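See structure below.
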Amino acid sequence: MVTDRIASRDDRLAGLDGPPYRLVILDFDGTLADTFPWFARVLPGVADRYGFRRPAAHEVESLRALEARAVLRHLGVPGWKLPLIARHMRALAARDAAELAPFPGIPALLARLRAGGLTLALVSSNREDVVRRVLGPGGAGLIDRYACGAALLGKARRFRAVARDSGLSPDRILCLGDELRDHDAATRAGLAFGVVTWGYTRAEALAAAEPTHLFSTPEAVAAALLPGMA
């Protein structure tokens with residue numbers, strides 16, 4: 001099974017001398033922050049404003065198994081409207097930032113990764129000011145580099161830039177996210193991808209994509225990335 005192969009890779013990593021990666025590039029929405037309930041709440045209004053189809057209640061779970069382009073096609077979102085929709089969604093997130101919060105265990109995970117000697121970067125389609133407000137001064141201060149405002153389907157370019165500026169070999173860099181588009185972007189950037197199952201995309205769809213790692217809890221991330229220290 002896919003999950004068995006992923007587990008065996010993580011077992012091998014646990015035997016390495018020291019952390020297997022030096023830089024972790026984090027996603028925000030659905031990875032660090034629990035924003036899916038907010039997204040589902042505001043999406044109907046965004047659909048009405050920009051003239052695409054509202055997802056019916058019974059469709060939501062099936063849409064969570066699809067890649068972003070397939071979701072856009074299903075809802076009838078024209079490509080030329082994506083920048084307008086993204087800008088509007090960022091403004092809504094800024095308006096509602098006080099309602100958003102990190103997932104349980106995320107503040108402790110960020111602190112453990114930094115204490116373990118890992119460098120943290122964040123690539124997100126959300127705004128940096130929103131990310132900082134949701135994480136709070138303590139959590140936000142643990143992240144060394146922010147590359148926010150990425151296009152919905154434009155993360156690969158940001159991943160490449162962060163990787164290049166780090167000066168590290170690609171095999172020392174891990175991207176961590178919760179969506180199939182994150183996996184695709186990391187693959188196109190030539191970087192390893194660790195998927196988390198607590199975010200937007202359903203776990204079985206994520207596993208089928210065969211990421212480098214699959215994590216079901218923040219504690220599992222620390223155990224794999226800091227062998228012998230978690």
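Every chain in the structure tokens has a letter given in the order shown (A, B, ...), and although residue numbers restart at 1 in each chain, ligands are simply numbered from 1 in the order shown.
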For region 82-163 of chain A against region 32-35 of chain A, with a cut-off of 6 Å and counting only C-alpha atoms, what is the closest atom pair and its distance in Å to one decimal for every residue that makes the cut, ordered by chain and number, as JSON lines?
{"residue": "A:Ala101", "atom": "CA", "partner": "A:Ala33", "partner_atom": "CA", "distance": 5.6}
{"residue": "A:Pro102", "atom": "CA", "partner": "A:Ala33", "partner_atom": "CA", "distance": 4.0}
{"residue": "A:Phe103", "atom": "CA", "partner": "A:Asp34", "partner_atom": "CA", "distance": 5.4}
Those residues you just picked out, can you put them in a file as a short mmCIF file (atom, residue, chain, number, x, y, z; two decimals), in the first residue's frame with N, CA and C atoms?
data_model
loop_
_atom_site.label_atom_id
_atom_site.label_comp_id
_atom_site.auth_asym_id
_atom_site.auth_seq_id
_atom_site.Cartn_x
_atom_site.Cartn_y
_atom_site.Cartn_z
N ALA A 101 -7.45 30.36 13.45
CA ALA A 101 -6.49 29.92 14.47
C ALA A 101 -5.65 28.78 13.92
N PRO A 102 -4.46 28.59 14.47
CA PRO A 102 -3.67 27.42 14.10
C PRO A 102 -4.34 26.13 14.56
N PHE A 103 -4.04 25.04 13.87
CA PHE A 103 -4.49 23.73 14.33
C PHE A 103 -3.84 23.43 15.69
#
Which residues are near Asp182 (chain A)? Cut-off 12 Å, only C-alpha atoms, ignore same chain within fewer than 4 positions. Put them as a ChimeraX atom specification.
/A:25-31,67-68,123-125,150-159,174-178,186-189,191-196,199-201,206,209,211
Only C-alpha atoms, please: the residues just picked out, written as an mmCIF file, in the first residue's frame.
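In the end it all went to selection.cif:
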data_model
loop_
_atom_site.group_PDB
_atom_site.id
_atom_site.type_symbol
_atom_site.label_atom_id
_atom_site.label_comp_id
_atom_site.auth_asym_id
_atom_site.auth_seq_id
_atom_site.Cartn_x
_atom_site.Cartn_y
_atom_site.Cartn_z
ATOM 1 C CA ILE A 25 8.852 25.237 3.358
ATOM 2 C CA LEU A 26 5.428 25.456 4.983
ATOM 3 C CA ASP A 27 1.976 26.036 3.569
ATOM 4 C CA PHE A 28 -0.458 28.061 5.690
ATOM 5 C CA ASP A 29 -4.148 27.432 4.922
ATOM 6 C CA GLY A 30 -5.064 23.874 5.873
ATOM 7 C CA THR A 31 -1.531 23.062 7.040
ATOM 8 C CA GLU A 67 -6.911 18.711 -7.703
ATOM 9 C CA ALA A 68 -7.424 22.493 -7.802
ATOM 10 C CA VAL A 123 4.889 30.007 0.917
ATOM 11 C CA SER A 124 1.199 30.869 0.784
ATOM 12 C CA SER A 125 -1.432 32.404 -1.441
ATOM 13 C CA ALA A 150 1.415 33.388 -4.431
ATOM 14 C CA ALA A 151 -0.994 32.743 -7.292
ATOM 15 C CA LEU A 152 -3.381 29.853 -6.721
ATOM 16 C CA LEU A 153 -1.459 27.724 -9.229
ATOM 17 C CA GLY A 154 1.864 29.547 -8.928
ATOM 18 C CA LYS A 155 3.625 28.019 -5.948
ATOM 19 C CA ALA A 156 6.316 26.166 -7.917
ATOM 20 C CA ARG A 157 8.018 29.446 -8.831
ATOM 21 C CA ARG A 158 8.013 30.536 -5.175
ATOM 22 C CA PHE A 159 9.378 27.157 -4.068
ATOM 23 C CA LEU A 174 11.014 19.574 2.298
ATOM 24 C CA CYS A 175 7.763 21.269 1.314
ATOM 25 C CA LEU A 176 4.892 20.643 3.735
ATOM 26 C CA GLY A 177 1.290 21.124 2.608
ATOM 27 C CA ASP A 178 -2.240 19.753 2.527
ATOM 28 C CA ALA A 186 6.861 20.784 -5.070
ATOM 29 C CA THR A 187 7.353 18.083 -7.708
ATOM 30 C CA ARG A 188 7.782 20.666 -10.466
ATOM 31 C CA ALA A 189 10.297 22.501 -8.281
ATOM 32 C CA LEU A 191 11.650 19.163 -4.011
ATOM 33 C CA ALA A 192 10.420 16.503 -1.605
ATOM 34 C CA PHE A 193 6.851 16.868 -0.399
ATOM 35 C CA GLY A 194 5.332 15.943 2.937
ATOM 36 C CA VAL A 195 1.552 15.954 2.956
ATOM 37 C CA VAL A 196 -0.588 16.506 6.051
ATOM 38 C CA GLY A 199 -6.334 20.072 5.891
ATOM 39 C CA TYR A 200 -8.370 20.689 2.738
ATOM 40 C CA THR A 201 -7.762 17.547 0.654
ATOM 41 C CA LEU A 206 -3.293 12.628 -0.956
ATOM 42 C CA ALA A 209 -0.450 10.910 -5.202
ATOM 43 C CA PRO A 211 4.113 12.041 -1.683
#
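Every protein or nucleic acid residue with an atom no more than 9 Å from Leu92 (chain A), counting only C-alpha atoms and leaving out same-chain residues fewer than 5 positions away, appears here: A:Val42, A:Arg87, A:Ala97.
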Written file, previous selection with C-alpha atoms, as an mmCIF file, in the first residue's frame:
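Writing the result to part15.cif gives the following:
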data_model
loop_
_atom_site.group_PDB
_atom_site.id
_atom_site.type_symbol
_atom_site.label_atom_id
_atom_site.label_comp_id
_atom_site.auth_asym_id
_atom_site.auth_seq_id
_atom_site.Cartn_x
_atom_site.Cartn_y
_atom_site.Cartn_z
ATOM 1 C CA VAL A 42 -17.475 32.529 2.581
ATOM 2 C CA ARG A 87 -7.470 39.215 -4.231
ATOM 3 C CA ALA A 97 -8.349 36.940 10.690
#
Could you work out how far CA of His58 (chain A) lies from CA of Ala205 (chain A), giving the answer in Å with one decimal?
17.9 Å
Would you please give, as a count of residues only, all residues of region 51-164 of chain A that DSSP assigns to helix (DSSP H, G or I) based on the backbone?
68
For Val162 (chain A), which residue among A:Leu110, A:Val24, A:Leu100, A:Thr217 is the nearest when counting only C-alpha atoms?
A:Val24
Record the distance separating CA of Gly105 (chain A) and CA of Ala65 (chain A), expressed in Å with one decimal.
24.6 Å
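The nearest approach to Asp184 (chain A) among the residues A:Arg69, A:Arg54, A:His74, A:Arg114, with only C-alpha atoms taken into account, belongs to A:Arg69.
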Using backbone DSSP assignments, extract all strand (DSSP E or B) residues from region 11-64 of chain A; output them as a PyMOL selection string.
chain A and resi 23-26+29+33
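Atom to atom, CA of Leu72 (chain A) and CA of Ala208 (chain A) stand 20.6 Å apart.
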Report as a PyMOL selection string all protein, DNA and RNA residues lying within 12 Å of Phe52 (chain A), evaluated on only C-alpha atoms, omitting residues in the same chain fewer than 5 positions from it.
chain A and resi 43-47+71-79+81-82+85
Residue among A:Leu225, A:Pro104, A:Met89, A:Ser166 lying closest to Leu135 (chain A), counting only C-alpha atoms:
A:Pro104
So that I can check the surroundings of Gly136 (chain A), please list as number ranges by chain every protein, DNA and RNA residue that reaches within 12 Å of it, counting only C-alpha atoms and ignoring chain neighbours fewer than 4 positions away.
A: 33, 97-98, 100-102, 106-107, 128-132, 140-143
Only C-alpha atoms, please: the residues just picked out, written as a PDB file, in the first residue's frame.
ATOM      1  CA  ALA A  33      -4.173  27.171  10.141  1.00  0.00           C
ATOM      2  CA  ALA A  97      -8.349  36.940  10.690  1.00  0.00           C
ATOM      3  CA  ALA A  98      -9.471  37.157  14.318  1.00  0.00           C
ATOM      4  CA  LEU A 100      -8.925  31.965  12.398  1.00  0.00           C
ATOM      5  CA  ALA A 101      -6.492  29.923  14.469  1.00  0.00           C
ATOM      6  CA  PRO A 102      -3.666  27.418  14.097  1.00  0.00           C
ATOM      7  CA  ILE A 106       1.057  23.559  15.344  1.00  0.00           C
ATOM      8  CA  PRO A 107       2.611  26.189  17.660  1.00  0.00           C
ATOM      9  CA  GLU A 128       1.721  37.859   5.131  1.00  0.00           C
ATOM     10  CA  ASP A 129      -0.090  40.161   7.546  1.00  0.00           C
ATOM     11  CA  VAL A 130      -2.922  37.619   7.861  1.00  0.00           C
ATOM     12  CA  VAL A 131      -0.476  34.760   8.449  1.00  0.00           C
ATOM     13  CA  ARG A 132       1.338  36.724  11.138  1.00  0.00           C
ATOM     14  CA  ALA A 140       5.284  34.090  13.294  1.00  0.00           C
ATOM     15  CA  GLY A 141       8.712  34.902  14.688  1.00  0.00           C
ATOM     16  CA  LEU A 142       9.825  31.288  14.249  1.00  0.00           C
ATOM     17  CA  ILE A 143       9.555  31.547  10.461  1.00  0.00           C
TER      18      ILE A 143
END
